[in-house]
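Have a look at the structure below before the remarks.
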Amino acid sequence: MSTIYDVANVKGFIRMCNDGWLQGWHERNGGNLTYRMTDDEVAEAKPFFEEPREWVKMGVRGENLAGQYFVSTGSGKYMRNVLEDPHANIGIVEINETGDAFRVVWGLANGARPTSEFESHYMNHCVAAARTDGADRVIYHAHTPGIIEMSFVVPLEDRAFTRILWQMMTECVVVFPTGVGVVPWMVPGGPAIAEASSELMKTYDTIVWAHHGLFAAGPDFDTTFGLAHTVEKAAEIYLAARAANGGSDDFLNKISDKGLKDTCRDFGIKINEAFVD
Ligand code: 13P
Ligand code: ZN
């Protein structure tokens with residue numbers, strides 16, 4: 001291990017930041033990413049850690065991930081710049097033993113802080129890890145334009161949003177069979193949006209932040225990026241199909257509820273029954 005960038009998931013983290021930038025989801029400092037490191041990765045990365053900074057109290061507490069380490073993008077930092085200068089734009093933070101404070105142990109150079117959405121990320125990590133028996137390690141927030149546009153024209157309800165997305169592309173229901181949760185517009189960056197999102201994270205791995213973007217959880221970068229990509233593509237298809245249909249979503253053809261259920265049956269996946277008739 002000659003640099004911290006040789007730790008596989010530090011490299012993967014940097015790649016995912018750039019992947020999101022290339023998709024056009026990260027104007028300016030928009031969006032953020034966190035990854036919960038494994039014990040082995042922490043051991044590999046520790047020789048490169050720097051003098052720990054002071055503890056910073058969070059407005060939330062999550063005991064099940066106390067003492068863990070997260071890679072996080074920086075607040076006000078641009079995804080566009082991560083690949084070129086990771087040390088300035090991302091960092092590693094340690095959570096204290098009571099699960100209510102963090103401190104920077106590597107990166108985020110010149111006094112930068114982890115994302116302003118760190119409280120949301122941390123609370124959602126706590127809930128997603130509990131829901132998946134520790135499997136989920138990635139939380140990704142992106143300013144996906146299709147999802148933002150959709151939030152202006154469809155009801156801000158879990159069922160309505162999910163059904164539209166499932167109907168847009170055959171494999172959507174396979175990729176997110178539980179559906180998506182919807183948080184109404186809220187002030188970003190603080191404990192209130194963290195609490196609202198983590199309540200939905202008990203059920204869903206994908207959450208729409210109305211007029212803001214997407215919040216997605218998963219076990220690794222491929223799955224989480226793939227989830228966000230699939231949801232966003234479905235949203236864009238909906239908007240294009242609706243525009244091509246004179247603004248109406250009363251489409252001539254669409255995937256039936258029976259089709260959605262048959263797909264899940266054949267793929268051996270459990271669909272969220274509350275969202276199909
Ligand atoms: P940060 O730069 O603090 O990560 O904020 C960006 C963002 O998208 C807030 O929702
Ligand atoms: Zn945002």
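Letters for chains follow the order of the structure tokens (A, B, ...), residue numbers begin at 1 for each chain, and ligand numbers begin at 1 in the order shown.
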message: So that I can see what lies close to Pro191 (chain A), please list as a ChimeraX atom specification the residues with an atom at most 7 Å from it, counting only C-alpha atoms and leaving out residues fewer than 2 positions away in the same chain.
response: /A:59-60,119-120,193-195
message: Can you work out which residues are within 12 Å of ligand 2, considering only C-alpha atoms and all ligand atoms, and then hand them over as a PyMOL selection string?
response: chain A and resi 25-33+75-78+115-118+120-121+140-145+148+185-190+193+208-215
Requested write-out: C-alpha atoms of the selected residues, as a PDB file, in the first residue's frame:
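part39.pdb, freshly written:
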ATOM      1  CA  TRP A  25     -25.750  15.607 -11.932  1.00  0.00           C
ATOM      2  CA  HIS A  26     -23.301  17.808 -10.026  1.00  0.00           C
ATOM      3  CA  GLU A  27     -23.400  21.452 -11.036  1.00  0.00           C
ATOM      4  CA  ARG A  28     -21.108  23.538  -8.852  1.00  0.00           C
ATOM      5  CA  ASN A  29     -20.931  21.818  -5.413  1.00  0.00           C
ATOM      6  CA  GLY A  30     -24.260  20.005  -5.946  1.00  0.00           C
ATOM      7  CA  GLY A  31     -24.546  16.493  -4.535  1.00  0.00           C
ATOM      8  CA  ASN A  32     -22.454  14.478  -2.099  1.00  0.00           C
ATOM      9  CA  LEU A  33     -21.249  10.937  -1.460  1.00  0.00           C
ATOM     10  CA  SER A  75     -18.933  20.741   1.865  1.00  0.00           C
ATOM     11  CA  GLY A  76     -18.802  23.289  -0.935  1.00  0.00           C
ATOM     12  CA  LYS A  77     -16.480  21.036  -2.935  1.00  0.00           C
ATOM     13  CA  TYR A  78     -17.132  20.248  -6.576  1.00  0.00           C
ATOM     14  CA  THR A 115     -20.680  17.630   3.243  1.00  0.00           C
ATOM     15  CA  SER A 116     -23.351  19.817   4.839  1.00  0.00           C
ATOM     16  CA  GLU A 117     -25.640  16.795   4.344  1.00  0.00           C
ATOM     17  CA  PHE A 118     -23.402  14.623   6.536  1.00  0.00           C
ATOM     18  CA  SER A 120     -28.540  13.025   6.557  1.00  0.00           C
ATOM     19  CA  HIS A 121     -25.917  10.643   5.251  1.00  0.00           C
ATOM     20  CA  TYR A 140     -25.305   9.048  -2.687  1.00  0.00           C
ATOM     21  CA  HIS A 141     -27.048  12.366  -3.181  1.00  0.00           C
ATOM     22  CA  ALA A 142     -27.246  13.717  -6.746  1.00  0.00           C
ATOM     23  CA  HIS A 143     -29.013  16.666  -8.365  1.00  0.00           C
ATOM     24  CA  THR A 144     -30.592  14.503 -11.068  1.00  0.00           C
ATOM     25  CA  PRO A 145     -32.533  16.791 -13.445  1.00  0.00           C
ATOM     26  CA  ILE A 148     -36.274  17.237 -10.080  1.00  0.00           C
ATOM     27  CA  TRP A 185     -39.443  20.198  -0.362  1.00  0.00           C
ATOM     28  CA  MET A 186     -37.372  20.952   2.734  1.00  0.00           C
ATOM     29  CA  VAL A 187     -34.460  23.198   3.634  1.00  0.00           C
ATOM     30  CA  PRO A 188     -31.316  21.192   2.776  1.00  0.00           C
ATOM     31  CA  GLY A 189     -28.410  20.416   5.076  1.00  0.00           C
ATOM     32  CA  GLY A 190     -29.526  19.723   8.625  1.00  0.00           C
ATOM     33  CA  ILE A 193     -34.193  16.596   6.318  1.00  0.00           C
ATOM     34  CA  VAL A 208     -36.724  11.640  -3.908  1.00  0.00           C
ATOM     35  CA  TRP A 209     -36.036  15.058  -2.436  1.00  0.00           C
ATOM     36  CA  ALA A 210     -38.676  17.190  -4.168  1.00  0.00           C
ATOM     37  CA  HIS A 211     -37.213  20.024  -6.285  1.00  0.00           C
ATOM     38  CA  HIS A 212     -33.748  18.945  -5.150  1.00  0.00           C
ATOM     39  CA  GLY A 213     -32.673  15.478  -6.349  1.00  0.00           C
ATOM     40  CA  LEU A 214     -32.134  11.889  -5.365  1.00  0.00           C
ATOM     41  CA  PHE A 215     -30.827  10.162  -2.261  1.00  0.00           C
TER      42      PHE A 215
END
- prompt: Using only C-alpha atoms, which residue out of A:Asp262, A:Asp19, A:Asp222, A:Glu41 lies closest to Asp6 (chain A)?
  reply: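 Under the stated criterion, the closest residue is A:Glu41.
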- request: Run DSSP on the backbone of this structure and report the residues of region 54-277 of chain A it assigns to helix (DSSP H, G or I), as a PyMOL selection string.
  value: chain A and resi 63-65+79-82+86-89+118-131+145-153+158-168+172-175+191-201+221-244+257-267+273-275
Serialized selection, C-alpha atoms, as an mmCIF file, in the first residue's frame:
data_model
loop_
_atom_site.group_PDB
_atom_site.id
_atom_site.type_symbol
_atom_site.label_atom_id
_atom_site.label_comp_id
_atom_site.auth_asym_id
_atom_site.auth_seq_id
_atom_site.Cartn_x
_atom_site.Cartn_y
_atom_site.Cartn_z
ATOM 1 C CA GLU A 63 -25.576 4.390 17.963
ATOM 2 C CA ASN A 64 -25.320 1.374 15.668
ATOM 3 C CA LEU A 65 -22.510 2.944 13.598
ATOM 4 C CA MET A 79 -17.485 16.626 -7.779
ATOM 5 C CA ARG A 80 -15.766 17.868 -10.928
ATOM 6 C CA ASN A 81 -12.539 18.438 -8.963
ATOM 7 C CA VAL A 82 -12.388 15.206 -6.941
ATOM 8 C CA PRO A 86 -8.899 14.061 -3.865
ATOM 9 C CA HIS A 87 -7.001 15.277 -0.780
ATOM 10 C CA ALA A 88 -8.592 18.721 -1.035
ATOM 11 C CA ASN A 89 -12.098 17.608 -2.000
ATOM 12 C CA PHE A 118 -23.402 14.623 6.536
ATOM 13 C CA GLU A 119 -26.118 14.357 9.193
ATOM 14 C CA SER A 120 -28.540 13.025 6.557
ATOM 15 C CA HIS A 121 -25.917 10.643 5.251
ATOM 16 C CA TYR A 122 -25.017 9.397 8.719
ATOM 17 C CA MET A 123 -28.617 8.847 9.854
ATOM 18 C CA ASN A 124 -29.448 7.107 6.587
ATOM 19 C CA HIS A 125 -26.342 4.919 6.874
ATOM 20 C CA CYS A 126 -27.537 3.931 10.355
ATOM 21 C CA VAL A 127 -30.991 2.986 9.077
ATOM 22 C CA ALA A 128 -29.819 1.325 5.828
ATOM 23 C CA ALA A 129 -27.151 -0.717 7.650
ATOM 24 C CA ALA A 130 -29.754 -1.887 10.171
ATOM 25 C CA ARG A 131 -32.249 -2.762 7.401
ATOM 26 C CA PRO A 145 -32.533 16.791 -13.445
ATOM 27 C CA GLY A 146 -35.239 14.307 -14.513
ATOM 28 C CA ILE A 147 -36.277 13.538 -10.941
ATOM 29 C CA ILE A 148 -36.274 17.237 -10.080
ATOM 30 C CA GLU A 149 -38.437 18.026 -13.130
ATOM 31 C CA MET A 150 -40.833 15.203 -12.270
ATOM 32 C CA SER A 151 -41.317 16.609 -8.791
ATOM 33 C CA PHE A 152 -42.983 19.682 -10.348
ATOM 34 C CA VAL A 153 -45.632 17.746 -12.249
ATOM 35 C CA ASP A 158 -44.452 7.447 -2.722
ATOM 36 C CA ARG A 159 -47.046 5.391 -4.612
ATOM 37 C CA ALA A 160 -47.653 7.843 -7.460
ATOM 38 C CA PHE A 161 -43.953 8.468 -8.050
ATOM 39 C CA THR A 162 -43.043 4.790 -7.872
ATOM 40 C CA ARG A 163 -45.766 3.622 -10.271
ATOM 41 C CA ILE A 164 -44.742 6.136 -12.917
ATOM 42 C CA LEU A 165 -41.069 5.145 -12.665
ATOM 43 C CA TRP A 166 -41.822 1.403 -12.746
ATOM 44 C CA GLN A 167 -43.951 1.837 -15.878
ATOM 45 C CA MET A 168 -41.236 3.648 -17.845
ATOM 46 C CA CYS A 172 -37.175 -0.633 -13.214
ATOM 47 C CA VAL A 173 -39.340 -2.828 -11.020
ATOM 48 C CA VAL A 174 -36.480 -5.328 -10.804
ATOM 49 C CA VAL A 175 -33.935 -2.653 -9.824
ATOM 50 C CA PRO A 191 -31.189 17.417 11.098
ATOM 51 C CA ALA A 192 -34.786 17.971 9.840
ATOM 52 C CA ILE A 193 -34.193 16.596 6.318
ATOM 53 C CA ALA A 194 -31.994 13.899 7.907
ATOM 54 C CA GLU A 195 -34.871 12.729 10.112
ATOM 55 C CA ALA A 196 -37.454 12.844 7.292
ATOM 56 C CA SER A 197 -35.193 10.862 4.942
ATOM 57 C CA SER A 198 -34.126 8.284 7.484
ATOM 58 C CA GLU A 199 -37.777 7.589 8.315
ATOM 59 C CA LEU A 200 -38.321 6.646 4.636
ATOM 60 C CA MET A 201 -34.996 4.774 4.499
ATOM 61 C CA PHE A 221 -20.604 1.922 -5.716
ATOM 62 C CA ASP A 222 -21.803 -0.041 -8.770
ATOM 63 C CA THR A 223 -25.155 -0.916 -7.229
ATOM 64 C CA THR A 224 -25.789 2.534 -5.791
ATOM 65 C CA PHE A 225 -24.726 4.427 -8.905
ATOM 66 C CA GLY A 226 -26.690 1.940 -11.044
ATOM 67 C CA LEU A 227 -29.777 2.523 -8.892
ATOM 68 C CA ALA A 228 -29.561 6.314 -9.211
ATOM 69 C CA HIS A 229 -28.872 5.981 -12.945
ATOM 70 C CA THR A 230 -31.889 3.711 -13.489
ATOM 71 C CA VAL A 231 -34.278 5.920 -11.504
ATOM 72 C CA GLU A 232 -33.058 9.068 -13.255
ATOM 73 C CA LYS A 233 -33.285 7.478 -16.715
ATOM 74 C CA ALA A 234 -36.881 6.392 -16.013
ATOM 75 C CA ALA A 235 -37.715 9.966 -14.960
ATOM 76 C CA GLU A 236 -36.235 11.345 -18.174
ATOM 77 C CA ILE A 237 -38.177 8.820 -20.261
ATOM 78 C CA TYR A 238 -41.382 9.873 -18.502
ATOM 79 C CA LEU A 239 -40.778 13.534 -19.222
ATOM 80 C CA ALA A 240 -39.877 12.899 -22.869
ATOM 81 C CA ALA A 241 -42.843 10.569 -23.412
ATOM 82 C CA ARG A 242 -45.167 13.092 -21.755
ATOM 83 C CA ALA A 243 -43.809 15.927 -23.896
ATOM 84 C CA ALA A 244 -44.181 13.768 -27.018
ATOM 85 C CA ASP A 257 -49.806 -3.919 -13.223
ATOM 86 C CA LYS A 258 -50.028 -7.574 -14.215
ATOM 87 C CA GLY A 259 -46.870 -7.071 -16.290
ATOM 88 C CA LEU A 260 -45.047 -5.568 -13.285
ATOM 89 C CA LYS A 261 -46.121 -8.450 -11.045
ATOM 90 C CA ASP A 262 -45.277 -11.117 -13.666
ATOM 91 C CA THR A 263 -41.800 -9.616 -14.106
ATOM 92 C CA CYS A 264 -41.088 -9.789 -10.373
ATOM 93 C CA ARG A 265 -42.474 -13.326 -10.173
ATOM 94 C CA ASP A 266 -40.171 -14.516 -12.992
ATOM 95 C CA PHE A 267 -37.143 -12.699 -11.547
ATOM 96 C CA GLU A 273 -47.714 -5.027 -3.213
ATOM 97 C CA ALA A 274 -49.096 -1.722 -1.930
ATOM 98 C CA PHE A 275 -48.067 -0.043 -5.179
#
Would you kindly return, as a PDB file with N, CA and C atoms, in the first residue's frame, each protein, DNA or RNA residue with an atom no farther than 10 Å from any atom of Lys57 (chain A), considering only C-alpha atoms and excluding same-chain residues fewer than 4 positions away?
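Below is the file that was written, out.pdb:
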ATOM      1  N   ARG A  61     -28.106  11.527  16.343  1.00  0.00           N
ATOM      2  CA  ARG A  61     -27.304  10.486  17.000  1.00  0.00           C
ATOM      3  C   ARG A  61     -27.700   9.135  16.405  1.00  0.00           C
ATOM      4  N   ILE A  95     -16.429   8.518  13.474  1.00  0.00           N
ATOM      5  CA  ILE A  95     -17.577   8.821  14.347  1.00  0.00           C
ATOM      6  C   ILE A  95     -17.175   8.474  15.787  1.00  0.00           C
ATOM      7  N   ASN A  96     -17.629   9.277  16.743  1.00  0.00           N
ATOM      8  CA  ASN A  96     -17.229   9.020  18.144  1.00  0.00           C
ATOM      9  C   ASN A  96     -17.983   7.822  18.725  1.00  0.00           C
ATOM     10  N   GLY A  99     -21.815   8.084  18.860  1.00  0.00           N
ATOM     11  CA  GLY A  99     -22.573   8.191  17.602  1.00  0.00           C
ATOM     12  C   GLY A  99     -23.212   9.546  17.399  1.00  0.00           C
ATOM     13  N   ASP A 100     -22.625  10.606  17.952  1.00  0.00           N
ATOM     14  CA  ASP A 100     -23.236  11.925  17.757  1.00  0.00           C
ATOM     15  C   ASP A 100     -22.212  13.019  17.428  1.00  0.00           C
ATOM     16  N   ALA A 101     -21.000  12.619  17.036  1.00  0.00           N
ATOM     17  CA  ALA A 101     -19.985  13.609  16.638  1.00  0.00           C
ATOM     18  C   ALA A 101     -19.012  12.947  15.670  1.00  0.00           C
ATOM     19  N   PHE A 102     -18.351  13.789  14.850  1.00  0.00           N
ATOM     20  CA  PHE A 102     -17.341  13.254  13.929  1.00  0.00           C
ATOM     21  C   PHE A 102     -16.076  14.092  14.036  1.00  0.00           C
ATOM     22  N   ARG A 103     -14.961  13.519  13.556  1.00  0.00           N
ATOM     23  CA  ARG A 103     -13.751  14.320  13.399  1.00  0.00           C
ATOM     24  C   ARG A 103     -13.031  13.869  12.133  1.00  0.00           C
TER      25      ARG A 103
END
query: Which is closest to Ile4 (chain A) among A:Arg36, A:Lys254, A:Lys202, A:Lys46, if we use only C-alpha atoms?
result: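 Once distances to Ile4 (chain A) are computed over only C-alpha atoms, the minimum belongs to A:Lys46.
In this structure, CA of Arg53 (chain A) sits 6.6 Å away from CA of Val105 (chain A).
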- request: Write down as an MDAnalysis selection string the residues belonging to region 121-275 of chain A that are assigned strand (DSSP E or B) by DSSP computed on the backbone.
  value: chainID A and resid 138:142 181:183 206:209 213:218
message: For Val93 (chain A), find every residue with an atom within 12 Å (counting only C-alpha atoms), except residues of its own chain fewer than 6 positions away, and show them as a PyMOL selection string.
response: chain A and resi 34-37+42+45-46+49-56+66-74+101-108+112-115+118+122
Export of the given selection (N, CA, C and O atoms) as a compact mmCIF listing (two decimals), in the first residue's frame:
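The resulting file, again_21.txt, is reproduced below:
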# COMPACT_ATOMS: atom_id res chain seq x y z
N THR A 34 -21.03 9.49 0.47
CA THR A 34 -20.32 8.94 1.64
C THR A 34 -20.24 7.43 1.50
O THR A 34 -21.12 6.79 0.91
N TYR A 35 -19.18 6.88 2.08
CA TYR A 35 -18.95 5.42 2.05
C TYR A 35 -18.46 4.98 3.42
O TYR A 35 -17.53 5.56 3.98
N ARG A 36 -19.10 3.96 3.97
CA ARG A 36 -18.69 3.42 5.28
C ARG A 36 -17.63 2.35 5.07
O ARG A 36 -17.88 1.32 4.44
N MET A 37 -16.43 2.62 5.59
CA MET A 37 -15.29 1.73 5.35
C MET A 37 -15.40 0.43 6.16
O MET A 37 -15.96 0.42 7.26
N VAL A 42 -10.03 0.33 6.94
CA VAL A 42 -9.55 1.31 7.93
C VAL A 42 -8.12 0.96 8.32
O VAL A 42 -7.24 1.84 8.38
N ALA A 45 -5.82 2.01 5.57
CA ALA A 45 -5.74 3.47 5.39
C ALA A 45 -5.06 4.17 6.56
O ALA A 45 -4.49 5.26 6.39
N LYS A 46 -5.10 3.55 7.73
CA LYS A 46 -4.61 4.21 8.96
C LYS A 46 -3.18 4.76 8.87
O LYS A 46 -2.92 5.86 9.37
N PHE A 49 -3.34 8.28 7.80
CA PHE A 49 -4.15 9.25 8.53
C PHE A 49 -3.27 10.40 9.01
O PHE A 49 -2.07 10.24 9.28
N GLU A 50 -3.90 11.57 9.17
CA GLU A 50 -3.20 12.76 9.62
C GLU A 50 -3.61 13.07 11.06
O GLU A 50 -4.46 12.35 11.63
N GLU A 51 -3.07 14.11 11.62
CA GLU A 51 -3.44 14.53 12.98
C GLU A 51 -4.96 14.73 13.03
O GLU A 51 -5.51 15.54 12.26
N PRO A 52 -5.69 14.00 13.91
CA PRO A 52 -7.15 14.18 13.94
C PRO A 52 -7.52 15.61 14.33
O PRO A 52 -6.85 16.22 15.16
N ARG A 53 -8.60 16.10 13.72
CA ARG A 53 -9.06 17.45 14.10
C ARG A 53 -10.02 17.34 15.29
O ARG A 53 -10.30 16.24 15.76
N GLU A 54 -10.58 18.47 15.70
CA GLU A 54 -11.48 18.48 16.86
C GLU A 54 -12.79 17.75 16.50
O GLU A 54 -13.19 17.70 15.34
N TRP A 55 -13.43 17.21 17.54
CA TRP A 55 -14.74 16.58 17.35
C TRP A 55 -15.79 17.64 17.01
O TRP A 55 -15.77 18.72 17.60
N VAL A 56 -16.69 17.32 16.09
CA VAL A 56 -17.77 18.23 15.72
C VAL A 56 -19.09 17.53 16.04
O VAL A 56 -19.34 16.42 15.56
N ALA A 66 -21.63 3.89 15.65
CA ALA A 66 -20.64 4.62 16.46
C ALA A 66 -19.26 3.98 16.26
O ALA A 66 -19.15 2.76 16.12
N GLY A 67 -18.24 4.82 16.18
CA GLY A 67 -16.87 4.31 16.06
C GLY A 67 -16.45 3.96 14.64
O GLY A 67 -15.31 3.57 14.41
N GLN A 68 -17.38 4.09 13.67
CA GLN A 68 -17.03 3.70 12.30
C GLN A 68 -16.39 4.88 11.55
O GLN A 68 -16.42 6.03 12.01
N TYR A 69 -15.81 4.56 10.39
CA TYR A 69 -15.11 5.56 9.56
C TYR A 69 -15.82 5.68 8.22
O TYR A 69 -16.22 4.68 7.62
N PHE A 70 -15.94 6.92 7.76
CA PHE A 70 -16.61 7.19 6.48
C PHE A 70 -15.70 8.02 5.57
O PHE A 70 -15.07 8.97 6.04
N VAL A 71 -15.71 7.68 4.29
CA VAL A 71 -15.16 8.59 3.30
C VAL A 71 -16.29 9.54 2.92
O VAL A 71 -17.44 9.10 2.75
N SER A 72 -16.01 10.83 2.84
CA SER A 72 -17.07 11.81 2.54
C SER A 72 -16.55 12.89 1.60
O SER A 72 -15.40 13.32 1.72
N THR A 73 -17.43 13.33 0.70
CA THR A 73 -17.09 14.52 -0.08
C THR A 73 -17.14 15.74 0.85
O THR A 73 -17.78 15.71 1.91
N GLY A 74 -16.48 16.80 0.45
CA GLY A 74 -16.42 17.99 1.28
C GLY A 74 -17.56 18.96 1.02
O GLY A 74 -18.09 19.02 -0.09
N ALA A 101 -21.00 12.62 17.04
CA ALA A 101 -19.99 13.61 16.64
C ALA A 101 -19.01 12.95 15.67
O ALA A 101 -18.90 11.72 15.63
N PHE A 102 -18.35 13.79 14.85
CA PHE A 102 -17.34 13.25 13.93
C PHE A 102 -16.08 14.09 14.04
O PHE A 102 -16.10 15.24 14.52
N ARG A 103 -14.96 13.52 13.56
CA ARG A 103 -13.75 14.32 13.40
C ARG A 103 -13.03 13.87 12.13
O ARG A 103 -13.08 12.68 11.76
N VAL A 104 -12.37 14.80 11.47
CA VAL A 104 -11.66 14.52 10.23
C VAL A 104 -10.31 13.90 10.59
O VAL A 104 -9.57 14.44 11.41
N VAL A 105 -9.99 12.76 9.95
CA VAL A 105 -8.69 12.12 10.22
C VAL A 105 -7.80 12.07 8.99
O VAL A 105 -6.63 11.70 9.08
N TRP A 106 -8.35 12.40 7.83
CA TRP A 106 -7.52 12.47 6.60
C TRP A 106 -8.24 13.37 5.59
O TRP A 106 -9.48 13.38 5.51
N GLY A 107 -7.47 14.11 4.81
CA GLY A 107 -8.02 14.86 3.67
C GLY A 107 -8.79 16.10 4.09
O GLY A 107 -8.53 16.68 5.14
N LEU A 108 -9.74 16.54 3.21
CA LEU A 108 -10.48 17.78 3.44
C LEU A 108 -9.50 18.89 3.85
O LEU A 108 -9.65 19.54 4.88
N ALA A 112 -11.33 22.18 5.40
CA ALA A 112 -12.65 21.89 4.81
C ALA A 112 -13.41 20.91 5.70
O ALA A 112 -12.81 20.18 6.49
N ARG A 113 -14.73 20.91 5.53
CA ARG A 113 -15.57 20.05 6.36
C ARG A 113 -16.27 19.02 5.49
O ARG A 113 -16.40 19.24 4.28
N PRO A 114 -16.72 17.92 6.08
CA PRO A 114 -17.51 16.98 5.26
C PRO A 114 -18.81 17.65 4.81
O PRO A 114 -19.19 18.70 5.35
N THR A 115 -19.46 17.05 3.81
CA THR A 115 -20.68 17.63 3.24
C THR A 115 -21.65 18.17 4.30
O THR A 115 -21.80 17.57 5.38
N PHE A 118 -23.98 15.78 5.85
CA PHE A 118 -23.40 14.62 6.54
C PHE A 118 -24.38 14.03 7.56
O PHE A 118 -24.43 12.81 7.74
N TYR A 122 -25.31 10.26 7.57
CA TYR A 122 -25.02 9.40 8.72
C TYR A 122 -26.28 8.69 9.22
O TYR A 122 -26.30 7.48 9.43
message: Here is a test: counting only C-alpha atoms and all ligand atoms, which residue of A:Pro155, A:Glu94, A:Gly62, A:Cys17 is nearest to ligand 1?
response: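 Closest to ligand 1, using only C-alpha atoms and all ligand atoms: A:Cys17.
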- request: Kindly indicate which residue among A:Ser256, A:Gln23, A:Asn9, A:Asn18 lies nearest to Glu44 (chain A), using only C-alpha atoms for the distances.
  value: A:Asn9
query: Counting only C-alpha atoms, which of A:Thr38, A:Thr3, A:Asn110, A:Thr98 gets nearest to Met58 (chain A)?
result: A:Thr98
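Among the candidate residues A:Asp136, A:Ile90, A:Leu22, A:Asp277, the one lying nearest to ligand 1 is A:Ile90, with distances computed using only C-alpha atoms and all ligand atoms.
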task: Would you mind reading off the distance between atom 6 (C, counted along the ligand's line) of ligand 1 and CA of Val10 (chain A), one decimal, in Å?
output: 20.2 Å
